[in-house]
Every structure is written in C-alpha cells, then in structure tokens.
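Trainee: Sharing a structure below in structure tokens format, with a few things to ask.
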Amino acid sequence: MTNNKTKKKRVYLDYAATTPVDKAVVKSMLPYFTEKFGNPASIHSAGTEANKALEKAREIFANYLSCDLSEIFFTSSATESNNWALKGIARAYKNKGNKIIVSSVEHDCVLNSAKWLSQNGFEIEYAPVDEFGTVDLEKLKKMITKETILVSIMHSNNEIGTLQPVKEIGEICKEKGVLFHTDAAQSFGKMPINLKKVNIDLLTASSHKIYGPKGVALLYIRKGTLIEPLLHGGGHERGKRSSTSNVAGIVGFAKALELCLKEMQDEKLRQTQLRDKIIKNILKNIPNSHLNGHPKNRLFNNVNMRFDFIEGEALMMELDNKGIEVSTVSACASSTLQFSHVLLACGIEEKYAQGTIRISLGRYTTEKDVDYLLEVLPKAVEKMRKISPLNVENWKM
C-alpha cells in the first residue's frame, strides 16, 4: 500500500513563472472580501472605505516609482497592461505616424499585440539583440523615423534574465520625440525604479511575480501621454480603464510590494550568491553546458542554462520526477513546445536552443534547495543524454 503521509520532496525553482502569495499579503486582503467589500465607485460609506484602500495602494506604487498618483492605473494582468500600452498608444497617435518598434526578445503578449497592430494598418519593426539578448542601441537609433510613435522594450527578459539599458533607450526616445514603454514585470520590486531619473512613458508591472495575488497588475502612464482605453464601460480609473476595481487584489499587490522593498537589498545579495553558485557549479561539473543571457547584467534570481545533446522538456520532466520544478521557455508558452524566440534572436541554433532550462530563485529558496539541485542535475543530464535522440552522431549533419 502507498503511504499517503509520505510527501515527495519539492524544490520550487520557477519563481519567474509565478510566486506563492505571501501570508502577510493574504492577511491584508481578507477584510476586503467580507467586511470592507464596498465598490470604490460608490459614494456611500462602504464605497468610500474601499476607495480609501484603493488610493492608499496607489500611493505605495507611486512612491516606489517616484511618480504621481494620477499616473498609476490598475489592470487585471501584465498581458492587459502590455496590450493596452501598444494598442492604446497606436490608436491615440495614429495621426502622427504608424510605426512601432519592439525588441525581438519581448514577451509573447507584446509580440502578439504588435502582430495584431501589423494587421490593422501599423508597421512593426523588431530591434535586434546581441548574443546576450541586449538591444543594439545604435541600430535602434537608426530604426526610429518621423513615422515612429512608440518603442516598446522590456526592462528585463523573462527567459534569460538580461537587463536592458532602459536609461539609454529612454534618452534615445526622448531625443527622437517618440514614446517609450517598458515591460518591467520581472524586475519590478527587485530593484529601484525611479521614473524621475529615467525617461519611461509607460511601464508594466504584475502582482503575481512579487508574491502578490494573480489577476491584478498596473500600467504607469506618464502625465500628458495620450492613450485610448482598451476597455469601455463605466469610466473607472479616471475614464481610462473601465471595470469594477479589484480592491482586495490591489491591496494585496501593494502589500506585496511593501514586503519586497523591505527586504530588497538583503534578498538581492542572498539570491545573487545562490544564482552564482548554481552557474559556477553547472559550468564546472556538467560538460557541454552554457549560460544563456548576459553573464553579469542579469536579474539576480535568473539562471538560464543550455545543455548540448539533450531536450530541455525531457530534462525538465526528469527533474520534476525528483521533486525539482523548473521551466523550459516562458511558462506562458511552454505548453506549445516551441523553440524559444528569445534564444533564436540571440543567434542560438534550434538544435542547441531546445536543450535549455530556466532556473529562477525566490524568497523561499534555500541553500539546501540549491545543493539538492546541484546534486540531482548532473545525473539527470547524463541520463537524458544517454537516451536522447539528439546524440552526437545526429549532430554531424
């Protein structure tokens, strides 16, 4: 008989996909489900109480980003925020121009929004990246023309962790007179972001990446920036984003950010040490292994490794059998088993790109978790290579 009390060892190393909701976040949200349940659009006492919570949360985000309260707009997801940024700006500035530039390593929701715009009268150009996934600034500068209305380049890459030079990109956009949007879903809450010092006109952030609830996010829109609503209805969020506000979710999102800010420096140091330990050990102990992304200019919790002669999906499942949870490509696209567009954009061939896994660390990752990974991974890679159809002979084509 199987002993139901025997628990399988579990090491969660997929924090870039999502994070567990912090217990303190859950506690902060609970009153807004049953006690303080009012609609913030209502003017009676219950509505006023809910609205106060909403605006207090907005203030927390504005303080972190060094922007005005009126520039923070709550949405349901980073996907919605990114769709709104691209489509809303395109519609608002269509009389100025029809050209939009995105990087070739953007999240799928940005790339698919751009694709939709290309089918509706807009010209889309893709800014190239180097071998580390960093946007080529000189090429970007040359791509911007009088017809360009928006540049959208992510703050940090969700797959390989590379940080983009957003300050320099912002300066280029300001000089050229075009708007700049950045998807900061992966970096938000992990590092300081001062919008008074960086020329960013629109910024996307997400709750469930920072130990907050799913179903809530934000879009920062610099004052004076025109944007068409994506959702039409009762005129919530100052007429920009209609839909009854998710008060409990927004309160939880704000609490999650507060917790991240309190531990930011300590967690950066701790997770950087764990990250570097993983990278060093893998490169030393597993032959034909390679680090994807920039070796230094990367998120402190991201390790993206490529193993020759192996399939990343097979390795991921072998690790899962041992209780270690990682991912291959972005979790949003992993079910399609496609080659990573990010790795291909970095110039990595398909036969090499498919041998990739992403290991992402978080608040609850321990040294023991990392040691267990480093114990199991070399054996798993060796096992998968023995049975993989991607053997050395097949690579001599």
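We name chains A, B, ... following the order of the structure tokens; residues begin at 1 in each chain, and ligands are numbered from 1 as shown.
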Contacts of Glu159 (chain A) at 8 Å or less, counting only C-alpha atoms, minus same-chain residues fewer than 6 places along, as an MDAnalysis selection string?

Mentor: chainID A and resid 304 329:330 342 358

Trainee: Which residues are close to region 8-23 of chain A, i.e. within 9 Å by only C-alpha atoms, leaving aside same-chain residues fewer than 2 positions away? Reply as an NGL selection string.

Mentor: :A and (6 or 25-28 or 158-159 or 186 or 208-214 or 252 or 256 or 259 or 301-302 or 320 or 322-327 or 330-332 or 358-365 or 369-370 or 372-373)

Trainee: Restricted to C-alpha atoms, what would the selected residues look like written as a CSV table (one decimal), in the first residue's frame?

Mentor:
```csv
chain,number,residue,atom,x,y,z
A,6,THR,CA,4.9,10.3,2.6
A,25,VAL,CA,-0.4,39.6,1.7
A,26,VAL,CA,-3.3,37.2,2.2
A,27,LYS,CA,-4.0,38.6,5.6
A,28,SER,CA,-4.1,42.2,4.2
A,158,ASN,CA,11.6,36.8,-18.6
A,159,GLU,CA,13.5,33.9,-20.1
A,186,GLN,CA,10.2,40.6,-14.0
A,208,HIS,CA,1.9,37.6,-9.0
A,209,LYS,CA,5.6,38.0,-9.8
A,210,ILE,CA,6.2,39.6,-6.4
A,211,TYR,CA,4.3,37.3,-4.0
A,212,GLY,CA,1.0,39.0,-4.6
A,213,PRO,CA,-2.3,37.6,-5.9
A,214,LYS,CA,-2.9,36.7,-9.6
A,252,GLY,CA,-2.6,42.6,-1.8
A,256,ALA,CA,3.5,42.5,-1.6
A,259,LEU,CA,7.4,43.5,1.7
A,301,ASN,CA,17.3,35.4,-9.5
A,302,ASN,CA,17.7,34.1,-13.0
A,320,ASP,CA,10.2,17.1,-11.8
A,322,LYS,CA,13.0,14.2,-8.5
A,323,GLY,CA,10.8,17.0,-7.0
A,324,ILE,CA,12.6,19.9,-8.6
A,325,GLU,CA,10.4,22.3,-10.5
A,326,VAL,CA,12.0,24.4,-13.3
A,327,SER,CA,10.8,25.5,-16.7
A,330,SER,CA,8.5,31.2,-20.7
A,331,ALA,CA,5.7,29.5,-18.7
A,332,CYS,CA,3.2,31.4,-20.9
A,358,ARG,CA,15.3,28.2,-16.8
A,359,ILE,CA,16.0,28.1,-13.0
A,360,SER,CA,14.6,31.0,-11.2
A,361,LEU,CA,15.0,31.7,-7.5
A,362,GLY,CA,12.9,33.4,-4.9
A,363,ARG,CA,12.2,34.4,-1.3
A,364,TYR,CA,11.8,30.9,-0.1
A,365,THR,CA,14.7,29.3,-2.0
A,369,ASP,CA,17.4,23.6,-2.2
A,370,VAL,CA,20.3,24.7,-4.4
A,372,TYR,CA,19.9,19.4,-3.9
A,373,LEU,CA,19.6,20.8,-7.4
```

Trainee: If you run DSSP on the backbone, which residues of region 148-254 of chain A are strand (DSSP E), as a VMD selection string?

Mentor: chain A and resid 148 to 152 179 to 183 202 to 206 217 to 221

Trainee: Excluding Lys52 (chain A) and any residue of its chain fewer than 4 positions from it, enumerate the residues within 12 Å of it, using only C-alpha atoms, and give them as a list in words.

Mentor: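 Counting only the stated atoms, we get Tyr32, Lys36, Gly38, Asn39, Pro40, Ala41, Ser42, Ile43, Ser45, Ala46, Gly47, Thr48, Lys56, Ala57, Arg58, Glu59, Val247, Ile250 and Val251 of chain A.
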
Trainee: So which bits of region 66-224 of chain A end up helix (DSSP H, G or I) when you DSSP the backbone, as a ChimeraX atom specification?

Mentor: /A:69-71,78-92,108-118,137-143,166-176

Trainee: Give me the residues within 8 Å of Gly355 (chain A) as a ChimeraX atom specification, counting only C-alpha atoms and dropping any in the same chain fewer than 4 places off.

Mentor: /A:306-313,351

Trainee: Would you please work out which residue, of A:Asn82, A:Glu55, A:Thr366, A:Asn120, is nearest to Asn98 (chain A) when using only C-alpha atoms?

Mentor: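 Smallest distance to Asn98 (chain A) is found for A:Asn120.
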
Trainee: So that I can see what lies close to Trp84 (chain A), please list as JSON, numbers by chain the residues with an atom at most 7 Å from it, counting only C-alpha atoms and leaving out residues fewer than 4 positions away in the same chain.

Mentor: {"A": [80, 88, 230]}

Trainee: My list of candidates is A:Asp201, A:Glu175, A:Asp183, A:Glu125. Which is closest to Glu106 (chain A) when distances are computed with only C-alpha atoms?

Mentor: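 For Glu106 (chain A), the nearest of the given residues is A:Asp183.
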
Trainee: Got a sec: who's within 10 Å of Cys260 (chain A), counting only C-alpha atoms, leaving out chain neighbours fewer than 5 positions off, as a PyMOL selection string?

Mentor: chain A and resi 188-191+210-211+254-255+265+267+363

Trainee: Considering only C-alpha atoms, return as a list in words whatever protein or nucleic-acid residues lie within 10 Å of Asp130 (chain A), sequence-local ones (same chain, fewer than 6 positions apart) excluded.

Mentor: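 What passes the distance filter is Asp136, Gly293, His294, Ala345, Cys346 and Gly347 of chain A.
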
Trainee: Using Å and a single decimal, report how far CA of Arg298 (chain A) sits from CA of Ala205 (chain A).

Mentor: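 Value for the CA of Ala205 (chain A)-CA of Arg298 (chain A) distance: 17.9 Å.
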
Trainee: When distances are computed from only C-alpha atoms, which of A:Cys67, A:Ile160, A:Leu219, A:Met143 shows the smallest separation from Thr79 (chain A)?

Mentor: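 Using only C-alpha atoms, the shortest distance to Thr79 (chain A) belongs to A:Leu219.
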
Trainee: So which one's closest to Gly161 (chain A), A:Leu231, A:Leu86, A:Leu299, A:Leu343? Using only C-alpha atoms, please.

Mentor: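 Of A:Leu231, A:Leu86, A:Leu299, A:Leu343, the one nearest Gly161 (chain A) is A:Leu299, counting only C-alpha atoms.
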